[in-house]
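Colleague: First, the structure itself, so that you have it in front of you.
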Amino acid sequence: MEERLQKLLSAAGVCSRRAAEGYITAGRVTVNGTVARLGDKADVERDAVKVDGRLLGSQSRRVWLMLHKPRGYVTTLSDEKGRKTVGELVRDCGVRVWPVGRLDLNSEGLLLFTNDGEGTNRVLHPSREIEKEYHVTVTGDVTVAIPILAGPLELDGQPLAPARVKMLRQTSEEGELSVVIHEGKNRQVRRMCALAGLEVRRLIRVREGRLQLGSLPPGKWRALTSREVEELAGD
């Protein structure tokens with residue numbers, strides 16, 4: 001099926017649609033040997049679409065991965081401060097992929113990667129309200145904190161959608177909570193816990209939508225099945 005070149009480049013993980021316009025106007029994109037122009041369309045199953053002389057792969061080769069992000073890695077493909085990045089952990093997947101969403105430096109767990117630009121937009125769009133579940137080990141008065149976490153809260157002057165919170169375990173020294181949200185504000189769960197008087201010792205994302213982290217070891221990744229991709233990022 002013919003589609004605009006900007007969409008093809010984005011879906012193949014080359015760049016964003018906006019950046020693709022610059023590629024095209026700069027003459028870096030060709031279709032069947034002819035320099036492309038803005039507005040041109042192509043079918044990657046039929047046409048030879050090249051960027052800087054390199055053939056664009058078929059859109060059917062979209063890749064989705066799940067990484068178990070360890071603590072101490074930044075969610076980026078490169079870091080000017082020289083810190084360890086999650087990109088280092090998925091370099092052996094065979095294609096260029098990028099993280100879908102974020103986990104902060106000291107957080108762990110399920111982190112998605114893909115080369116699917118359209119799918120990325122669908123997963124991250126607020127209207128999808130894809131649930132994310134975190135297991136959070138905390139210190140403080142958990143009994144008092146739970147209704148605060150589940151009640152009306154604000155961050156940066158904006159009200160948060162209600163969270164679902166339940167106790168998983170409690171000892172004399174700490175508690176472990178399940179916190180389910182569908183928003184993605186910066187360090188949201190940690191900041192919510194701070195508002196409830198809790199100190200976070202460990203935070204691990206265990207679920208996104210129906211996708212479970214399961215027994216995947218820290219630092220390892222696996223490819224998603226076609227069914228998992230359809231449930232998570234399908235139209």
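So you can find residues: chains in the structure tokens are A, B, ... in the order shown, residues in each start at 1, and ligands are numbered from 1 in order.
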Quick one: residues within 10 Å of Ala145 of chain A, only C-alpha atoms, excluding same-chain residues fewer than 2 positions away - as a list in words?
Modeller: Gly140, Asp141, Val142, Thr143, Pro147, Ile148, Leu149, Ala150, Gly151, Val165, Met192, Cys193, Ala194, Leu195, Ala196, Gly197 and Leu198 of chain A
Colleague: Export all heavy atoms of the chosen residues as a CSV table (one decimal), in the first residue's frame?
Modeller:
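After the write, out_35.csv holds the following:
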```csv
chain,number,residue,atom,x,y,z
A,140,GLY,N,7.8,4.1,56.2
A,140,GLY,CA,6.9,5.1,56.6
A,140,GLY,C,5.6,4.4,57.1
A,140,GLY,O,5.4,3.2,57.1
A,141,ASP,N,4.6,5.2,57.4
A,141,ASP,CA,3.3,4.7,57.9
A,141,ASP,C,2.4,4.4,56.7
A,141,ASP,O,1.7,5.2,56.1
A,141,ASP,CB,2.6,5.8,58.7
A,141,ASP,CG,1.4,5.2,59.5
A,141,ASP,OD1,0.8,4.2,59.0
A,141,ASP,OD2,1.1,5.7,60.6
A,142,VAL,N,2.5,3.1,56.2
A,142,VAL,CA,1.8,2.6,55.0
A,142,VAL,C,0.3,2.7,55.2
A,142,VAL,O,-0.4,3.1,54.3
A,142,VAL,CB,2.3,1.2,54.7
A,142,VAL,CG1,1.5,0.7,53.4
A,142,VAL,CG2,3.8,1.2,54.4
A,143,THR,N,-0.2,2.4,56.4
A,143,THR,CA,-1.6,2.4,56.6
A,143,THR,C,-2.2,3.8,56.4
A,143,THR,O,-3.3,3.9,55.8
A,143,THR,CB,-1.9,1.9,58.1
A,143,THR,OG1,-1.4,0.6,58.3
A,143,THR,CG2,-3.4,1.9,58.3
A,147,PRO,N,-4.7,5.5,51.7
A,147,PRO,CA,-5.8,6.3,51.2
A,147,PRO,C,-5.4,7.6,50.6
A,147,PRO,O,-6.1,8.2,49.8
A,147,PRO,CB,-6.6,6.5,52.5
A,147,PRO,CG,-5.7,6.2,53.7
A,147,PRO,CD,-4.8,5.2,53.1
A,148,ILE,N,-4.2,8.1,51.1
A,148,ILE,CA,-3.7,9.4,50.4
A,148,ILE,C,-3.3,9.1,49.0
A,148,ILE,O,-3.6,9.9,48.1
A,148,ILE,CB,-2.5,9.9,51.2
A,148,ILE,CG1,-2.9,10.3,52.7
A,148,ILE,CG2,-1.9,11.1,50.5
A,148,ILE,CD1,-1.8,10.7,53.6
A,149,LEU,N,-2.6,8.0,48.8
A,149,LEU,CA,-2.1,7.6,47.4
A,149,LEU,C,-3.3,7.4,46.5
A,149,LEU,O,-3.3,7.7,45.3
A,149,LEU,CB,-1.2,6.4,47.5
A,149,LEU,CG,0.1,6.6,48.1
A,149,LEU,CD1,0.8,5.2,48.3
A,149,LEU,CD2,1.0,7.4,47.2
A,150,ALA,N,-4.4,6.8,47.0
A,150,ALA,CA,-5.5,6.5,46.2
A,150,ALA,C,-6.5,7.6,46.1
A,150,ALA,O,-7.4,7.5,45.3
A,150,ALA,CB,-6.2,5.2,46.8
A,151,GLY,N,-6.3,8.6,46.9
A,151,GLY,CA,-7.3,9.8,46.9
A,151,GLY,C,-6.8,10.9,45.9
A,151,GLY,O,-5.9,10.7,45.1
A,165,VAL,N,-4.3,1.3,44.7
A,165,VAL,CA,-3.2,1.0,45.6
A,165,VAL,C,-3.7,-0.2,46.5
A,165,VAL,O,-4.8,-0.1,47.1
A,165,VAL,CB,-2.8,2.2,46.4
A,165,VAL,CG1,-1.6,1.9,47.3
A,165,VAL,CG2,-2.6,3.4,45.5
A,192,MET,N,4.4,10.8,44.3
A,192,MET,CA,3.1,10.5,45.0
A,192,MET,C,3.5,9.9,46.4
A,192,MET,O,2.8,10.3,47.4
A,192,MET,CB,2.3,9.5,44.2
A,192,MET,CG,1.7,10.0,42.9
A,192,MET,SD,1.0,8.7,41.9
A,192,MET,CE,-0.2,7.9,43.0
A,193,CYS,N,4.4,9.0,46.5
A,193,CYS,CA,4.8,8.5,47.7
A,193,CYS,C,5.3,9.5,48.7
A,193,CYS,O,5.0,9.5,49.9
A,193,CYS,CB,5.9,7.4,47.5
A,193,CYS,SG,5.2,5.8,46.8
A,194,ALA,N,6.1,10.5,48.2
A,194,ALA,CA,6.6,11.6,49.0
A,194,ALA,C,5.5,12.4,49.6
A,194,ALA,O,5.5,12.8,50.7
A,194,ALA,CB,7.6,12.4,48.2
A,195,LEU,N,4.4,12.6,48.8
A,195,LEU,CA,3.3,13.4,49.2
A,195,LEU,C,2.6,12.7,50.3
A,195,LEU,O,1.9,13.3,51.2
A,195,LEU,CB,2.3,13.7,48.1
A,195,LEU,CG,2.8,14.7,47.0
A,195,LEU,CD1,1.8,14.8,45.9
A,195,LEU,CD2,3.0,16.1,47.6
A,196,ALA,N,2.6,11.3,50.3
A,196,ALA,CA,2.0,10.5,51.3
A,196,ALA,C,2.8,10.2,52.5
A,196,ALA,O,2.5,9.4,53.4
A,196,ALA,CB,1.5,9.2,50.7
A,197,GLY,N,4.0,10.8,52.6
A,197,GLY,CA,4.9,10.6,53.7
A,197,GLY,C,5.7,9.3,53.7
A,197,GLY,O,6.2,8.9,54.7
A,198,LEU,N,5.9,8.8,52.5
A,198,LEU,CA,6.7,7.5,52.4
A,198,LEU,C,8.0,7.8,51.7
A,198,LEU,O,8.1,8.6,50.8
A,198,LEU,CB,5.9,6.5,51.5
A,198,LEU,CG,4.5,6.1,52.1
A,198,LEU,CD1,3.9,5.1,51.1
A,198,LEU,CD2,4.7,5.4,53.4
```
Colleague: List the neighbours of Ala161 of chain A out to 12 Å using only C-alpha atoms; skip same-chain residues closer than 6 positions along the sequence, and give me the result as a list in words.
Modeller: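 Listed by chain and then number, they are Pro126, Glu129, Glu131, Leu149, Ala150, Gly151, Pro152, Leu153, Glu154, Leu155, Val180, Ile181, His182, Glu183, Gly184, Lys185, Gln188 and Met192 of chain A.
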Colleague: At a cut-off of 8 Å, using only C-alpha atoms, what residues contact Arg4 of chain A? Leave out same-chain residues fewer than 6 positions from it and give the result as a ChimeraX atom specification.
Modeller: /A:39-42
Colleague: Using backbone DSSP assignments, extract all alpha helix (DSSP H) residues from segment 26-190 of chain A; output them as a count of residues only.
Modeller: 20
Colleague: If you run DSSP on this backbone, which residues of segment 154-195 of chain A come out as strand (DSSP E or B), and could you give them as an MDAnalysis selection string?
Modeller: chainID A and resid 154:155 158:159 164:170 175:181
Colleague: Could you please take those selected residues and save all heavy atoms as a compact mmCIF listing (two decimals), in the first residue's frame?
Modeller:
```
# COMPACT_ATOMS: atom_id res chain seq x y z
N GLU A 154 -2.33 16.07 43.51
CA GLU A 154 -1.90 16.96 42.45
C GLU A 154 -0.38 16.92 42.32
O GLU A 154 0.33 16.79 43.33
CB GLU A 154 -2.32 18.40 42.73
CG GLU A 154 -3.80 18.66 42.59
CD GLU A 154 -4.13 20.15 42.69
OE1 GLU A 154 -3.17 20.96 42.89
OE2 GLU A 154 -5.31 20.51 42.58
N LEU A 155 0.11 17.02 41.10
CA LEU A 155 1.52 17.21 40.82
C LEU A 155 1.66 18.36 39.84
O LEU A 155 0.94 18.42 38.85
CB LEU A 155 2.14 15.94 40.22
CG LEU A 155 2.35 14.75 41.14
CD1 LEU A 155 2.96 13.59 40.36
CD2 LEU A 155 3.23 15.10 42.33
N GLN A 158 -1.45 20.09 38.73
CA GLN A 158 -2.43 19.39 37.92
C GLN A 158 -2.97 18.18 38.69
O GLN A 158 -2.20 17.43 39.30
CB GLN A 158 -1.80 18.91 36.61
CG GLN A 158 -1.29 20.02 35.72
CD GLN A 158 -2.41 20.88 35.18
OE1 GLN A 158 -3.48 20.37 34.84
NE2 GLN A 158 -2.18 22.18 35.10
N PRO A 159 -4.29 17.97 38.68
CA PRO A 159 -4.85 16.81 39.37
C PRO A 159 -4.45 15.51 38.68
O PRO A 159 -4.37 15.45 37.45
CB PRO A 159 -6.36 17.04 39.31
CG PRO A 159 -6.55 17.93 38.12
CD PRO A 159 -5.33 18.80 38.04
N ARG A 164 -4.87 3.02 41.78
CA ARG A 164 -5.31 1.85 42.55
C ARG A 164 -4.13 1.38 43.37
O ARG A 164 -3.04 1.11 42.83
CB ARG A 164 -5.80 0.74 41.63
CG ARG A 164 -7.00 1.11 40.81
CD ARG A 164 -7.82 -0.13 40.40
NE ARG A 164 -7.00 -1.21 39.90
CZ ARG A 164 -6.63 -1.32 38.61
NH1 ARG A 164 -6.97 -0.41 37.73
NH2 ARG A 164 -5.90 -2.36 38.23
N VAL A 165 -4.32 1.28 44.68
CA VAL A 165 -3.23 0.97 45.59
C VAL A 165 -3.66 -0.15 46.53
O VAL A 165 -4.77 -0.14 47.06
CB VAL A 165 -2.83 2.20 46.42
CG1 VAL A 165 -1.61 1.90 47.28
CG2 VAL A 165 -2.57 3.41 45.53
N LYS A 166 -2.78 -1.13 46.70
CA LYS A 166 -3.06 -2.18 47.68
C LYS A 166 -1.77 -2.64 48.33
O LYS A 166 -0.68 -2.52 47.74
CB LYS A 166 -3.79 -3.36 47.05
CG LYS A 166 -2.99 -4.15 46.05
CD LYS A 166 -3.80 -5.32 45.50
CE LYS A 166 -3.00 -6.15 44.50
NZ LYS A 166 -3.79 -7.28 43.97
N MET A 167 -1.90 -3.16 49.53
CA MET A 167 -0.77 -3.68 50.27
C MET A 167 -0.41 -5.07 49.76
O MET A 167 -1.28 -5.93 49.62
CB MET A 167 -1.10 -3.75 51.75
CG MET A 167 0.03 -4.29 52.61
SD MET A 167 1.23 -3.02 53.01
CE MET A 167 0.28 -2.10 54.23
N LEU A 168 0.86 -5.31 49.50
CA LEU A 168 1.34 -6.62 49.12
C LEU A 168 1.95 -7.35 50.31
O LEU A 168 1.76 -8.54 50.48
CB LEU A 168 2.36 -6.51 47.99
CG LEU A 168 1.84 -5.94 46.67
CD1 LEU A 168 2.99 -5.81 45.67
CD2 LEU A 168 0.73 -6.81 46.09
N ARG A 169 2.70 -6.63 51.11
CA ARG A 169 3.28 -7.22 52.32
C ARG A 169 3.71 -6.09 53.25
O ARG A 169 3.91 -4.96 52.81
CB ARG A 169 4.48 -8.12 51.99
CG ARG A 169 5.67 -7.39 51.42
CD ARG A 169 6.87 -8.30 51.19
NE ARG A 169 8.00 -7.55 50.63
CZ ARG A 169 8.88 -6.89 51.36
NH1 ARG A 169 8.79 -6.89 52.69
NH2 ARG A 169 9.88 -6.23 50.78
N GLN A 170 3.86 -6.42 54.53
CA GLN A 170 4.31 -5.42 55.50
C GLN A 170 5.08 -6.11 56.61
O GLN A 170 4.69 -7.18 57.08
CB GLN A 170 3.12 -4.65 56.08
CG GLN A 170 3.55 -3.48 56.97
CD GLN A 170 2.37 -2.64 57.39
OE1 GLN A 170 1.23 -3.12 57.41
NE2 GLN A 170 2.61 -1.38 57.72
N GLY A 175 7.13 -1.71 53.98
CA GLY A 175 5.96 -2.27 53.33
C GLY A 175 6.19 -2.31 51.83
O GLY A 175 7.05 -1.62 51.29
N GLU A 176 5.42 -3.17 51.17
CA GLU A 176 5.46 -3.24 49.71
C GLU A 176 4.05 -3.02 49.18
O GLU A 176 3.11 -3.69 49.59
CB GLU A 176 6.02 -4.57 49.21
CG GLU A 176 6.16 -4.60 47.69
CD GLU A 176 6.76 -5.90 47.19
OE1 GLU A 176 6.94 -6.83 48.01
OE2 GLU A 176 7.04 -6.00 45.99
N LEU A 177 3.93 -2.07 48.25
CA LEU A 177 2.64 -1.69 47.69
C LEU A 177 2.58 -2.00 46.21
O LEU A 177 3.59 -1.96 45.50
CB LEU A 177 2.39 -0.18 47.87
CG LEU A 177 2.43 0.38 49.28
CD1 LEU A 177 2.29 1.90 49.24
CD2 LEU A 177 1.32 -0.24 50.13
N SER A 178 1.39 -2.30 45.73
CA SER A 178 1.10 -2.31 44.30
C SER A 178 0.41 -0.98 43.98
O SER A 178 -0.61 -0.65 44.59
CB SER A 178 0.18 -3.48 43.93
OG SER A 178 -0.37 -3.28 42.64
N VAL A 179 1.00 -0.24 43.05
CA VAL A 179 0.43 1.04 42.64
C VAL A 179 0.17 0.98 41.14
O VAL A 179 1.09 0.73 40.35
CB VAL A 179 1.38 2.21 42.95
CG1 VAL A 179 0.77 3.55 42.50
CG2 VAL A 179 1.71 2.25 44.44
N VAL A 180 -1.08 1.20 40.73
CA VAL A 180 -1.47 1.14 39.32
C VAL A 180 -1.92 2.52 38.88
O VAL A 180 -2.84 3.11 39.46
CB VAL A 180 -2.61 0.12 39.10
CG1 VAL A 180 -3.01 0.09 37.61
CG2 VAL A 180 -2.18 -1.27 39.56
N ILE A 181 -1.27 3.04 37.84
CA ILE A 181 -1.61 4.34 37.27
C ILE A 181 -1.67 4.18 35.75
O ILE A 181 -1.24 3.17 35.20
CB ILE A 181 -0.58 5.43 37.64
CG1 ILE A 181 0.80 5.07 37.09
CG2 ILE A 181 -0.53 5.64 39.16
CD1 ILE A 181 1.85 6.16 37.28
```
Colleague: Within 10 Å of Ala48 of chain A, counting only C-alpha atoms, which residues qualify if same-chain residues fewer than 6 places away don't, as a PDB file with N, CA and C atoms, in the first residue's frame?
Modeller:
```pdb
ATOM      1  N   THR A  30      15.502   8.728  -1.852  1.00  0.00           N
ATOM      2  CA  THR A  30      15.204   8.396  -3.244  1.00  0.00           C
ATOM      3  C   THR A  30      14.175   7.283  -3.306  1.00  0.00           C
ATOM      4  N   VAL A  31      13.390   7.285  -4.384  1.00  0.00           N
ATOM      5  CA  VAL A  31      12.426   6.221  -4.645  1.00  0.00           C
ATOM      6  C   VAL A  31      12.711   5.678  -6.042  1.00  0.00           C
ATOM      7  N   ASN A  32      13.118   4.439  -6.101  1.00  0.00           N
ATOM      8  CA  ASN A  32      13.471   3.798  -7.363  1.00  0.00           C
ATOM      9  C   ASN A  32      14.508   4.613  -8.138  1.00  0.00           C
ATOM     10  N   GLY A  33      15.475   5.147  -7.391  1.00  0.00           N
ATOM     11  CA  GLY A  33      16.579   5.870  -8.000  1.00  0.00           C
ATOM     12  C   GLY A  33      16.331   7.336  -8.271  1.00  0.00           C
ATOM     13  N   THR A  34      15.113   7.824  -8.019  1.00  0.00           N
ATOM     14  CA  THR A  34      14.773   9.226  -8.260  1.00  0.00           C
ATOM     15  C   THR A  34      14.687   9.971  -6.933  1.00  0.00           C
ATOM     16  N   ALA A  42       5.085   5.999  -1.587  1.00  0.00           N
ATOM     17  CA  ALA A  42       5.732   4.779  -2.056  1.00  0.00           C
ATOM     18  C   ALA A  42       5.142   3.588  -1.323  1.00  0.00           C
ATOM     19  N   ARG A  54      20.910   3.948   1.570  1.00  0.00           N
ATOM     20  CA  ARG A  54      20.631   2.679   2.246  1.00  0.00           C
ATOM     21  C   ARG A  54      19.157   2.331   2.086  1.00  0.00           C
ATOM     22  N   LEU A  55      18.897   1.084   1.723  1.00  0.00           N
ATOM     23  CA  LEU A  55      17.547   0.633   1.448  1.00  0.00           C
ATOM     24  C   LEU A  55      16.721   0.590   2.726  1.00  0.00           C
ATOM     25  N   LEU A  56      15.528   1.143   2.625  1.00  0.00           N
ATOM     26  CA  LEU A  56      14.597   1.128   3.754  1.00  0.00           C
ATOM     27  C   LEU A  56      13.944  -0.244   3.825  1.00  0.00           C
ATOM     28  N   GLY A  57      13.946  -0.845   5.018  1.00  0.00           N
ATOM     29  CA  GLY A  57      13.353  -2.162   5.172  1.00  0.00           C
ATOM     30  C   GLY A  57      11.845  -2.112   5.111  1.00  0.00           C
ATOM     31  N   SER A  58      11.250  -3.265   4.950  1.00  0.00           N
ATOM     32  CA  SER A  58       9.793  -3.377   4.912  1.00  0.00           C
ATOM     33  C   SER A  58       9.198  -3.018   6.262  1.00  0.00           C
TER      34      SER A  58
END
```
Colleague: Using only C-alpha atoms, which residues sit within 8 Å of Arg102 of chain A once same-chain residues fewer than 3 positions away are excluded, as a ChimeraX atom specification?
Modeller: /A:75,99,111
Colleague: Between A:Arg190, A:Lys69, A:Arg96, A:Arg46, which has the minimum distance to Val14 of chain A (counting only C-alpha atoms)?
Modeller: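 Result for the nearest residue to Val14 of chain A: A:Arg96.
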Colleague: At what distance in Å, to one decimal, does atom CA of Val138 of chain A lie from atom CA of Glu199 of chain A?
Modeller: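 Separation between atom CA of Glu199 of chain A and atom CA of Val138 of chain A: 5.4 Å.
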Colleague: Using only C-alpha atoms, which of the listed residues (A:Leu232, A:Asp116, A:Gly219, A:Val49) sits closest to Gly87 of chain A?
Modeller: A:Gly219
Colleague: Quick one: residues within 10 Å of Glu108 of chain A, only C-alpha atoms, excluding same-chain residues fewer than 4 positions away - as a ChimeraX atom specification?
Modeller: /A:67-73,103-104,134-135,202-206,218-219
Colleague: Kindly export the residues of the current selection with all heavy atoms, as a compact mmCIF listing (two decimals), in the first residue's frame.
Modeller:
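Listing of again16.txt after writing:
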```txt
# COMPACT_ATOMS: atom_id res chain seq x y z
N LEU A 67 12.48 -5.03 27.86
CA LEU A 67 13.71 -5.12 28.63
C LEU A 67 13.37 -5.08 30.12
O LEU A 67 12.50 -4.34 30.55
CB LEU A 67 14.63 -3.93 28.30
CG LEU A 67 15.86 -3.75 29.19
CD1 LEU A 67 16.90 -4.83 28.90
CD2 LEU A 67 16.47 -2.35 29.01
N HIS A 68 14.09 -5.90 30.90
CA HIS A 68 14.05 -5.74 32.36
C HIS A 68 15.16 -4.76 32.72
O HIS A 68 16.32 -5.14 32.85
CB HIS A 68 14.25 -7.08 33.05
CG HIS A 68 14.09 -6.99 34.55
ND1 HIS A 68 13.78 -8.08 35.33
CD2 HIS A 68 14.19 -5.96 35.43
CE1 HIS A 68 13.70 -7.72 36.60
NE2 HIS A 68 13.97 -6.42 36.68
N LYS A 69 14.79 -3.50 32.85
CA LYS A 69 15.78 -2.46 33.14
C LYS A 69 16.31 -2.61 34.56
O LYS A 69 15.55 -2.64 35.52
CB LYS A 69 15.16 -1.07 32.98
CG LYS A 69 16.11 0.07 33.36
CD LYS A 69 15.36 1.37 33.53
CE LYS A 69 16.26 2.48 34.05
NZ LYS A 69 16.80 2.25 35.40
N PRO A 70 17.63 -2.69 34.71
CA PRO A 70 18.20 -2.72 36.06
C PRO A 70 18.33 -1.30 36.63
O PRO A 70 18.28 -0.31 35.89
CB PRO A 70 19.59 -3.34 35.85
CG PRO A 70 19.68 -3.70 34.40
CD PRO A 70 18.65 -2.89 33.68
N ARG A 71 18.52 -1.23 37.91
CA ARG A 71 18.82 0.06 38.55
C ARG A 71 20.18 0.56 38.06
O ARG A 71 21.09 -0.22 37.78
CB ARG A 71 18.85 -0.12 40.07
CG ARG A 71 18.99 1.17 40.86
CD ARG A 71 19.00 0.90 42.35
NE ARG A 71 17.80 0.21 42.79
CZ ARG A 71 17.44 0.08 44.07
NH1 ARG A 71 18.22 0.58 45.02
NH2 ARG A 71 16.34 -0.56 44.40
N GLY A 72 20.31 1.88 37.93
CA GLY A 72 21.59 2.47 37.57
C GLY A 72 21.79 2.74 36.10
O GLY A 72 22.87 3.17 35.69
N TYR A 73 20.75 2.53 35.30
CA TYR A 73 20.80 2.82 33.87
C TYR A 73 19.84 3.96 33.55
O TYR A 73 18.71 3.98 34.05
CB TYR A 73 20.42 1.60 33.03
CG TYR A 73 21.50 0.55 32.95
CD1 TYR A 73 21.75 -0.31 34.03
CD2 TYR A 73 22.27 0.40 31.81
CE1 TYR A 73 22.74 -1.27 33.97
CE2 TYR A 73 23.27 -0.56 31.73
CZ TYR A 73 23.49 -1.40 32.81
OH TYR A 73 24.47 -2.35 32.74
N LEU A 103 11.86 5.02 32.58
CA LEU A 103 12.04 4.65 33.98
C LEU A 103 13.25 5.43 34.46
O LEU A 103 14.27 5.47 33.76
CB LEU A 103 12.28 3.15 34.14
CG LEU A 103 11.06 2.22 34.09
CD1 LEU A 103 11.50 0.77 34.05
CD2 LEU A 103 10.13 2.47 35.27
N ASP A 104 13.17 6.05 35.63
CA ASP A 104 14.28 6.88 36.08
C ASP A 104 15.48 6.03 36.48
O ASP A 104 15.41 4.81 36.54
CB ASP A 104 13.85 7.83 37.21
CG ASP A 104 13.45 7.10 38.48
OD1 ASP A 104 14.29 6.36 39.03
OD2 ASP A 104 12.30 7.28 38.94
N TYR A 134 3.24 -0.85 39.38
CA TYR A 134 4.54 -0.79 40.03
C TYR A 134 4.46 -1.48 41.39
O TYR A 134 3.46 -1.35 42.10
CB TYR A 134 4.96 0.67 40.25
CG TYR A 134 5.07 1.47 38.99
CD1 TYR A 134 3.94 2.04 38.41
CD2 TYR A 134 6.29 1.65 38.35
CE1 TYR A 134 4.03 2.77 37.24
CE2 TYR A 134 6.39 2.39 37.18
CZ TYR A 134 5.25 2.94 36.62
OH TYR A 134 5.34 3.66 35.46
N HIS A 135 5.50 -2.22 41.73
CA HIS A 135 5.66 -2.73 43.09
C HIS A 135 6.69 -1.83 43.78
O HIS A 135 7.82 -1.71 43.31
CB HIS A 135 6.10 -4.19 43.08
CG HIS A 135 5.02 -5.13 42.67
ND1 HIS A 135 5.19 -6.50 42.61
CD2 HIS A 135 3.72 -4.91 42.30
CE1 HIS A 135 4.05 -7.06 42.22
NE2 HIS A 135 3.15 -6.13 42.02
N ARG A 202 12.67 0.86 46.85
CA ARG A 202 12.78 0.16 45.58
C ARG A 202 11.49 0.36 44.79
O ARG A 202 10.39 0.32 45.36
CB ARG A 202 13.03 -1.34 45.78
CG ARG A 202 13.29 -2.09 44.48
CD ARG A 202 13.42 -3.58 44.69
NE ARG A 202 13.83 -4.25 43.47
CZ ARG A 202 13.74 -5.57 43.27
NH1 ARG A 202 13.28 -6.35 44.23
NH2 ARG A 202 14.12 -6.09 42.12
N LEU A 203 11.64 0.56 43.48
CA LEU A 203 10.48 0.73 42.61
C LEU A 203 10.71 -0.08 41.34
O LEU A 203 11.71 0.11 40.65
CB LEU A 203 10.26 2.21 42.28
CG LEU A 203 8.98 2.57 41.52
CD1 LEU A 203 8.55 4.00 41.87
CD2 LEU A 203 9.14 2.44 40.02
N ILE A 204 9.79 -0.99 41.06
CA ILE A 204 9.92 -1.85 39.89
C ILE A 204 8.59 -1.91 39.13
O ILE A 204 7.54 -2.14 39.73
CB ILE A 204 10.40 -3.27 40.27
CG1 ILE A 204 10.50 -4.16 39.04
CG2 ILE A 204 9.53 -3.90 41.34
CD1 ILE A 204 11.21 -5.47 39.30
N ARG A 205 8.65 -1.64 37.82
CA ARG A 205 7.44 -1.73 37.01
C ARG A 205 7.27 -3.19 36.59
O ARG A 205 8.15 -3.77 35.95
CB ARG A 205 7.53 -0.83 35.78
CG ARG A 205 6.25 -0.85 34.93
CD ARG A 205 6.09 0.41 34.11
NE ARG A 205 7.16 0.58 33.15
CZ ARG A 205 7.52 1.76 32.64
NH1 ARG A 205 6.92 2.87 33.05
NH2 ARG A 205 8.48 1.84 31.75
N VAL A 206 6.11 -3.76 36.91
CA VAL A 206 5.89 -5.18 36.67
C VAL A 206 4.87 -5.45 35.57
O VAL A 206 4.76 -6.58 35.08
CB VAL A 206 5.43 -5.90 37.95
CG1 VAL A 206 6.51 -5.81 39.03
CG2 VAL A 206 4.11 -5.33 38.47
N PRO A 218 16.97 -9.29 35.23
CA PRO A 218 17.45 -7.92 35.05
C PRO A 218 18.55 -7.86 33.98
O PRO A 218 19.44 -8.70 33.93
CB PRO A 218 18.00 -7.55 36.43
CG PRO A 218 17.26 -8.43 37.38
CD PRO A 218 17.05 -9.72 36.65
N GLY A 219 18.45 -6.84 33.12
CA GLY A 219 19.44 -6.64 32.07
C GLY A 219 19.18 -7.42 30.81
O GLY A 219 19.90 -7.27 29.82
```
Colleague: Mind checking which residues fall within 8 Å of Arg122 of chain A, counting only C-alpha atoms, ignoring those fewer than 2 positions away in the same chain, and posting them as a list of chain:residue names?
Modeller: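 That gives A:Glu118, A:Gly119, A:Thr120, A:Leu124, A:His125, A:Arg128, A:Ala233, A:Gly234, A:Asp235.
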Colleague: Would you write out those residues with N, CA, C and O atoms, as a CSV table (one decimal), in the first residue's frame?
Modeller:
```
chain,number,residue,atom,x,y,z
A,118,GLU,N,4.7,4.8,14.6
A,118,GLU,CA,3.2,4.9,14.8
A,118,GLU,C,2.8,4.2,16.0
A,118,GLU,O,2.0,4.7,16.8
A,119,GLY,N,3.4,3.0,16.3
A,119,GLY,CA,3.0,2.3,17.5
A,119,GLY,C,3.4,3.0,18.7
A,119,GLY,O,2.7,3.0,19.7
A,120,THR,N,4.6,3.6,18.7
A,120,THR,CA,5.0,4.4,19.8
A,120,THR,C,4.0,5.5,20.2
A,120,THR,O,3.7,5.7,21.4
A,124,LEU,N,1.9,5.8,23.8
A,124,LEU,CA,2.1,6.9,24.7
A,124,LEU,C,0.9,7.9,24.7
A,124,LEU,O,0.9,8.8,25.6
A,125,HIS,N,0.0,7.8,23.8
A,125,HIS,CA,-1.1,8.8,23.7
A,125,HIS,C,-1.9,8.7,25.0
A,125,HIS,O,-2.4,7.6,25.4
A,128,ARG,N,-5.2,6.5,25.4
A,128,ARG,CA,-5.2,5.1,25.5
A,128,ARG,C,-5.4,4.6,27.0
A,128,ARG,O,-5.8,3.5,27.2
A,233,ALA,N,-0.2,-2.2,21.1
A,233,ALA,CA,0.0,-1.1,20.1
A,233,ALA,C,-0.9,-1.1,18.9
A,233,ALA,O,-0.7,-0.3,18.0
A,234,GLY,N,-1.9,-2.0,18.9
A,234,GLY,CA,-2.7,-2.1,17.7
A,234,GLY,C,-3.7,-0.9,17.6
A,234,GLY,O,-3.9,-0.2,18.6
A,235,ASP,N,-4.2,-0.8,16.4
A,235,ASP,CA,-5.1,0.3,16.2
A,235,ASP,C,-6.4,0.2,17.0
A,235,ASP,O,-6.8,-0.9,17.3
```
Colleague: Kindly give the distance, in Å, that separates atom CA of Ile24 of chain A and atom CA of Lys50 of chain A, rounded to a single decimal.
Modeller: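 Interatomic distance here is 10.7 Å.
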Colleague: Tell me, in Å to one decimal, how far atom CA of Arg187 of chain A is from atom CA of Glu133 of chain A.
Modeller: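 The value is 13.8 Å.
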